[in-house]
>>> print(open('query_8.cif').read())   # mmCIF, C-alpha atoms
data_data
#
loop_
_atom_site.group_PDB
_atom_site.id
_atom_site.type_symbol
_atom_site.label_atom_id
_atom_site.label_comp_id
_atom_site.auth_asym_id
_atom_site.auth_seq_id
_atom_site.Cartn_x
_atom_site.Cartn_y
_atom_site.Cartn_z
ATOM 1 C CA MET B 1 25.839 -14.273 0.001
ATOM 2 C CA LEU B 2 28.608 -15.437 -2.272
ATOM 3 C CA VAL B 3 30.620 -17.166 0.457
ATOM 4 C CA ASP B 4 29.461 -18.103 3.953
ATOM 5 C CA ARG B 5 32.124 -19.887 5.975
ATOM 6 C CA ARG B 6 29.942 -20.154 9.062
ATOM 7 C CA ASP B 7 27.808 -23.113 7.926
ATOM 8 C CA GLY B 8 25.064 -20.823 6.591
ATOM 9 C CA GLU B 9 24.768 -18.698 9.723
ATOM 10 C CA VAL B 10 25.511 -15.422 7.950
ATOM 11 C CA THR B 11 23.195 -16.337 5.080
ATOM 12 C CA ARG B 12 20.338 -16.994 7.560
ATOM 13 C CA ILE B 13 20.976 -13.675 9.316
ATOM 14 C CA VAL B 14 20.944 -11.744 6.044
ATOM 15 C CA ALA B 15 17.789 -13.560 4.868
ATOM 16 C CA ALA B 16 16.027 -12.780 8.171
ATOM 17 C CA MET B 17 16.807 -9.086 7.726
ATOM 18 C CA GLY B 18 14.714 -9.150 4.563
ATOM 19 C CA ARG B 19 11.594 -10.386 6.385
ATOM 20 C CA LEU B 20 9.468 -8.853 9.116
ATOM 21 C CA GLY B 21 8.367 -11.012 12.020
ATOM 22 C CA ASP B 22 4.664 -11.886 12.173
ATOM 23 C CA GLU B 23 3.946 -9.608 15.124
ATOM 24 C CA GLU B 24 6.010 -6.733 13.746
ATOM 25 C CA ALA B 25 4.342 -7.033 10.329
ATOM 26 C CA PHE B 26 0.859 -7.109 11.863
ATOM 27 C CA ARG B 27 1.502 -4.176 14.203
ATOM 28 C CA SER B 28 3.137 -2.008 11.547
ATOM 29 C CA GLY B 29 0.502 -3.090 9.009
ATOM 30 C CA ALA B 30 -2.269 -1.779 11.249
ATOM 31 C CA ALA B 31 -0.535 1.568 11.745
ATOM 32 C CA LEU B 32 0.301 1.888 8.044
ATOM 33 C CA LEU B 33 -3.253 1.018 7.022
ATOM 34 C CA ASP B 34 -4.596 3.749 9.282
ATOM 35 C CA ALA B 35 -2.063 6.276 7.953
ATOM 36 C CA TYR B 36 -2.877 5.299 4.355
ATOM 37 C CA ALA B 37 -6.622 5.586 5.002
ATOM 38 C CA ASN B 38 -6.110 8.977 6.658
ATOM 39 C CA SER B 39 -4.175 10.406 3.696
ATOM 40 C CA LEU B 40 -6.610 8.901 1.203
ATOM 41 C CA TYR B 41 -9.590 10.285 3.127
ATOM 42 C CA ARG B 42 -8.030 13.750 3.242
ATOM 43 C CA SER B 43 -7.294 13.613 -0.481
ATOM 44 C CA VAL B 44 -10.815 12.611 -1.478
ATOM 45 C CA LYS B 45 -12.369 15.079 0.960
ATOM 46 C CA ASN B 46 -10.191 17.935 -0.288
ATOM 47 C CA HIS B 47 -11.143 17.198 -3.898
ATOM 48 C CA ARG B 48 -14.816 17.046 -2.902
ATOM 49 C CA ASP B 49 -14.502 20.379 -1.086
ATOM 50 C CA GLY B 50 -12.897 22.140 -4.070
ATOM 51 C CA ASN B 51 -9.271 22.115 -2.924
ATOM 52 C CA PRO B 52 -7.499 20.095 -5.644
ATOM 53 C CA LEU B 53 -3.954 21.094 -4.652
ATOM 54 C CA ALA B 54 -4.413 19.806 -1.102
ATOM 55 C CA GLY B 55 -6.119 16.719 -2.532
ATOM 56 C CA HIS B 56 -3.225 16.048 -4.868
ATOM 57 C CA LEU B 57 -0.646 16.526 -2.113
ATOM 58 C CA ASP B 58 -2.531 14.179 0.217
ATOM 59 C CA ALA B 59 -2.808 11.605 -2.597
ATOM 60 C CA THR B 60 0.953 11.765 -3.047
ATOM 61 C CA VAL B 61 1.501 11.250 0.684
ATOM 62 C CA SER B 62 -0.880 8.270 0.661
ATOM 63 C CA VAL B 63 1.248 6.437 -1.916
ATOM 64 C CA GLY B 64 4.163 6.058 0.499
ATOM 65 C CA PHE B 65 1.931 4.644 3.229
ATOM 66 C CA LEU B 66 0.251 2.379 0.681
ATOM 67 C CA LEU B 67 3.513 0.858 -0.507
ATOM 68 C CA ASP B 68 4.800 0.424 3.042
ATOM 69 C CA LEU B 69 1.515 -1.297 3.917
ATOM 70 C CA LEU B 70 1.512 -3.669 0.940
ATOM 71 C CA PHE B 71 5.044 -4.785 1.691
ATOM 72 C CA ALA B 72 4.253 -5.159 5.422
ATOM 73 C CA LEU B 73 1.285 -7.380 4.537
ATOM 74 C CA ASP B 74 3.834 -9.647 2.824
ATOM 75 C CA ARG B 75 6.213 -9.370 5.819
ATOM 76 C CA ARG B 76 8.753 -7.479 3.741
ATOM 77 C CA PRO B 77 10.346 -4.075 4.227
ATOM 78 C CA ARG B 78 9.582 -1.679 1.411
ATOM 79 C CA PRO B 79 12.586 -1.156 -0.863
ATOM 80 C CA TYR B 80 13.946 2.270 -1.643
ATOM 81 C CA ASN B 81 12.030 3.920 -4.477
ATOM 82 C CA LYS B 82 15.065 3.439 -6.724
ATOM 83 C CA TYR B 83 14.638 -0.349 -6.402
ATOM 84 C CA LEU B 84 10.837 -0.564 -6.188
ATOM 85 C CA ALA B 85 10.174 -1.621 -9.794
ATOM 86 C CA TRP B 86 13.138 -4.018 -9.758
ATOM 87 C CA GLU B 87 11.889 -5.642 -6.541
ATOM 88 C CA LEU B 88 8.289 -5.943 -7.720
ATOM 89 C CA ASN B 89 9.308 -7.336 -11.096
ATOM 90 C CA ARG B 90 11.438 -10.045 -9.487
ATOM 91 C CA PHE B 91 9.444 -10.644 -6.302
ATOM 92 C CA PRO B 92 5.815 -9.606 -6.898
ATOM 93 C CA LEU B 93 3.515 -8.960 -3.977
ATOM 94 C CA PRO B 94 0.991 -11.806 -3.638
ATOM 95 C CA GLY B 95 -2.311 -10.893 -5.254
ATOM 96 C CA TRP B 96 -0.929 -7.852 -7.085
ATOM 97 C CA GLU B 97 0.150 -7.533 -10.703
ATOM 98 C CA SER B 98 3.340 -5.479 -10.429
ATOM 99 C CA ALA B 99 3.072 -3.468 -13.657
ATOM 100 C CA ALA B 100 -0.546 -2.521 -12.973
ATOM 101 C CA LEU B 101 0.221 -1.533 -9.378
ATOM 102 C CA LEU B 102 3.168 0.628 -10.436
ATOM 103 C CA LYS B 103 1.097 2.249 -13.193
ATOM 104 C CA THR B 104 -1.704 3.074 -10.753
ATOM 105 C CA VAL B 105 0.703 4.423 -8.128
ATOM 106 C CA ALA B 106 2.401 6.577 -10.777
ATOM 107 C CA ARG B 107 -0.952 7.915 -11.970
ATOM 108 C CA ILE B 108 -2.070 8.783 -8.447
ATOM 109 C CA ALA B 109 1.233 10.518 -7.688
ATOM 110 C CA ALA B 110 1.138 12.414 -10.997
ATOM 111 C CA THR B 111 -2.506 13.480 -10.995
ATOM 112 C CA GLY B 112 -4.031 13.011 -7.556
ATOM 113 C CA GLU B 113 -7.218 11.823 -9.288
ATOM 114 C CA VAL B 114 -9.875 10.484 -6.941
ATOM 115 C CA ALA B 115 -11.264 7.530 -8.940
ATOM 116 C CA PRO B 116 -7.950 5.608 -9.199
ATOM 117 C CA GLN B 117 -7.395 6.150 -5.469
ATOM 118 C CA GLN B 118 -10.824 4.765 -4.656
ATOM 119 C CA ARG B 119 -10.442 1.760 -6.960
ATOM 120 C CA LEU B 120 -7.080 0.980 -5.396
ATOM 121 C CA PHE B 121 -8.505 1.370 -1.906
ATOM 122 C CA ALA B 122 -11.177 -1.232 -2.675
ATOM 123 C CA ARG B 123 -8.433 -3.772 -3.369
ATOM 124 C CA VAL B 124 -6.383 -2.688 -0.362
ATOM 125 C CA GLU B 125 -9.435 -2.901 1.883
ATOM 126 C CA ALA B 126 -10.081 -6.496 0.811
ATOM 127 C CA ALA B 127 -6.426 -7.466 1.344
ATOM 128 C CA ALA B 128 -6.287 -5.729 4.730
ATOM 129 C CA ARG B 129 -9.460 -7.424 5.939
ATOM 130 C CA THR B 130 -8.083 -10.800 4.844
ATOM 131 C CA ALA B 131 -4.898 -10.020 6.805
ATOM 132 C CA GLY B 132 -6.906 -9.408 9.978
ATOM 133 C CA HIS B 133 -7.093 -5.608 9.957
ATOM 134 C CA ALA B 134 -10.894 -5.253 9.848
ATOM 135 C CA ALA B 135 -10.928 -3.369 13.168
ATOM 136 C CA VAL B 136 -8.666 -0.635 11.776
ATOM 137 C CA LEU B 137 -10.946 -0.187 8.784
ATOM 138 C CA ASP B 138 -14.189 -0.432 10.750
ATOM 139 C CA ALA B 139 -12.956 2.314 13.077
ATOM 140 C CA TRP B 140 -13.358 4.663 10.105
ATOM 141 C CA GLY B 141 -17.129 4.054 10.203
ATOM 142 C CA ASP B 142 -19.151 5.896 7.580
ATOM 143 C CA ASP B 143 -16.036 7.688 6.337
ATOM 144 C CA LEU B 144 -15.162 4.502 4.435
ATOM 145 C CA VAL B 145 -17.915 5.391 1.978
ATOM 146 C CA LEU B 146 -15.900 8.386 0.783
ATOM 147 C CA MET B 147 -12.802 6.228 0.267
ATOM 148 C CA ARG B 148 -14.550 3.494 -1.707
ATOM 149 C CA PRO B 149 -15.444 3.718 -5.406
ATOM 150 C CA HIS B 150 -18.748 5.436 -5.987
ATOM 151 C CA PRO B 151 -21.396 2.834 -6.921
ATOM 152 C CA ASP B 152 -22.392 4.853 -10.009
ATOM 153 C CA SER B 153 -18.845 5.199 -11.389
ATOM 154 C CA PRO B 154 -18.211 3.316 -14.646
ATOM 155 C CA ALA B 155 -15.297 1.397 -13.089
ATOM 156 C CA HIS B 156 -17.596 0.140 -10.329
ATOM 157 C CA GLN B 157 -20.230 -1.238 -12.676
ATOM 158 C CA PRO B 158 -20.219 -4.928 -13.621
ATOM 159 C CA SER B 159 -18.957 -5.543 -17.126
#
>>> encode(input="query_8.cif", output="structure tokens")
Amino acid sequence: MLVDRRDGEVTRIVAAMGRLGDEEAFRSGAALLDAYANSLYRSVKNHRDGNPLAGHLDATVSVGFLLDLLFALDRRPRPYNKYLAWELNRFPLPGWESAALLKTVARIAATGEVAPQQRLFARVEAAARTAGHAAVLDAWGDDLVLMRPHPDSPAHQPS
């Protein structure tokens, strides 16, 4: 706001529009986490079953849910794609390095590769559990194994 002649009232209203309420953020975060996990699971499963096109398409779908989720976890609405890099460069998501996140999201959208999706999911799972969404994740049961990095993958090994 350049000028607010209402003793800051308009400024407070505009600022509040840029934040989600606690309950709204938690509720939408749970739904977005489940949608993200569903798309990720379908992607990994399709790759495993020899259907790379479907896997790639599902990976691309998962990216939108992922970004919505990460912003909801910070009580923020996701910006339009046009402003995503600008927003993350100026207002990074807590616990995420913006350039690395954008690079990973771009790689997943461009290639649909499984390993980057699984590595990213490991970080998302930790953040979601910290935010109180363990029940959403635990509802996936043994299917979580498919979404997580494979223990024998080089990226999963200690350095």
>>> closest_atom_pairs(input="query_8.cif", of="segment 123-153 of chain B", to="segment 69-75 of chain B", cutoff="12 Å", atoms="all atoms listed in the file", output="Markdown table")
| residue | atom | partner | partner_atom | distance |
| --- | --- | --- | --- | --- |
| B:Arg123 | CA | B:Leu70 | CA | 10.8 |
| B:Val124 | CA | B:Leu70 | CA | 8.1 |
| B:Glu125 | CA | B:Leu70 | CA | 11.0 |
| B:Ala126 | CA | B:Leu70 | CA | 11.9 |
| B:Ala127 | CA | B:Leu73 | CA | 8.3 |
| B:Ala128 | CA | B:Leu73 | CA | 7.8 |
| B:Arg129 | CA | B:Leu73 | CA | 10.8 |
| B:Thr130 | CA | B:Leu73 | CA | 10.0 |
| B:Ala131 | CA | B:Leu73 | CA | 7.1 |
| B:Gly132 | CA | B:Leu73 | CA | 10.0 |
| B:His133 | CA | B:Leu73 | CA | 10.1 |
>>> write_last_selection(input="query_8.cif", atoms="C-alpha atoms", output="CSV table (one decimal), in the coordinates of the input")
chain,number,residue,atom,x,y,z
B,123,ARG,CA,-8.4,-3.8,-3.4
B,124,VAL,CA,-6.4,-2.7,-0.4
B,125,GLU,CA,-9.4,-2.9,1.9
B,126,ALA,CA,-10.1,-6.5,0.8
B,127,ALA,CA,-6.4,-7.5,1.3
B,128,ALA,CA,-6.3,-5.7,4.7
B,129,ARG,CA,-9.5,-7.4,5.9
B,130,THR,CA,-8.1,-10.8,4.8
B,131,ALA,CA,-4.9,-10.0,6.8
B,132,GLY,CA,-6.9,-9.4,10.0
B,133,HIS,CA,-7.1,-5.6,10.0
>>> closest_residue(input="query_8.cif", among="B:Ala59, B:Tyr36, B:Phe65, B:Val145", to="Ala106 of chain B", atoms="all atoms listed in the file")
B:Ala59
>>> closest_residue(input="query_8.cif", among="B:Arg42, B:Arg107, B:Arg78, B:His150", to="Leu57 of chain B", atoms="only C-alpha atoms")
B:Arg42
>>> residues_around(input="query_8.cif", residues="Arg148 of chain B", least_positions_apart="2", cutoff="12 Å", atoms="all atoms listed in the file", output="NGL selection string")
:B and (37 or 40-41 or 44 or 114-126 or 137 or 140 or 142-146 or 150-153 or 155-156)
>>> closest_residue(input="query_8.cif", among="B:Val61, B:Ala135, B:Arg76, B:Phe91", to="Ala110 of chain B", atoms="only C-alpha atoms")
B:Val61
>>> closest_residue(input="query_8.cif", among="B:Thr60, B:Leu101, B:Lys45, B:Arg5", to="Leu88 of chain B", atoms="all atoms listed in the file")
B:Leu101
>>> closest_residue(input="query_8.cif", among="B:Ser62, B:Met147, B:Pro77, B:Lys82", to="Val105 of chain B", atoms="only C-alpha atoms")
B:Ser62
>>> atom_distance(input="query_8.cif", atom1="atom CA of Leu32 of chain B", atom2="atom CA of Ala139 of chain B")
14.2 Å
>>> atom_distance(input="query_8.cif", atom1="atom CA of Pro94 of chain B", atom2="atom CA of Ala35 of chain B")
21.7 Å
>>> atom_distance(input="query_8.cif", atom1="atom CA of Ser43 of chain B", atom2="atom CA of Ala30 of chain B")
20.0 Å
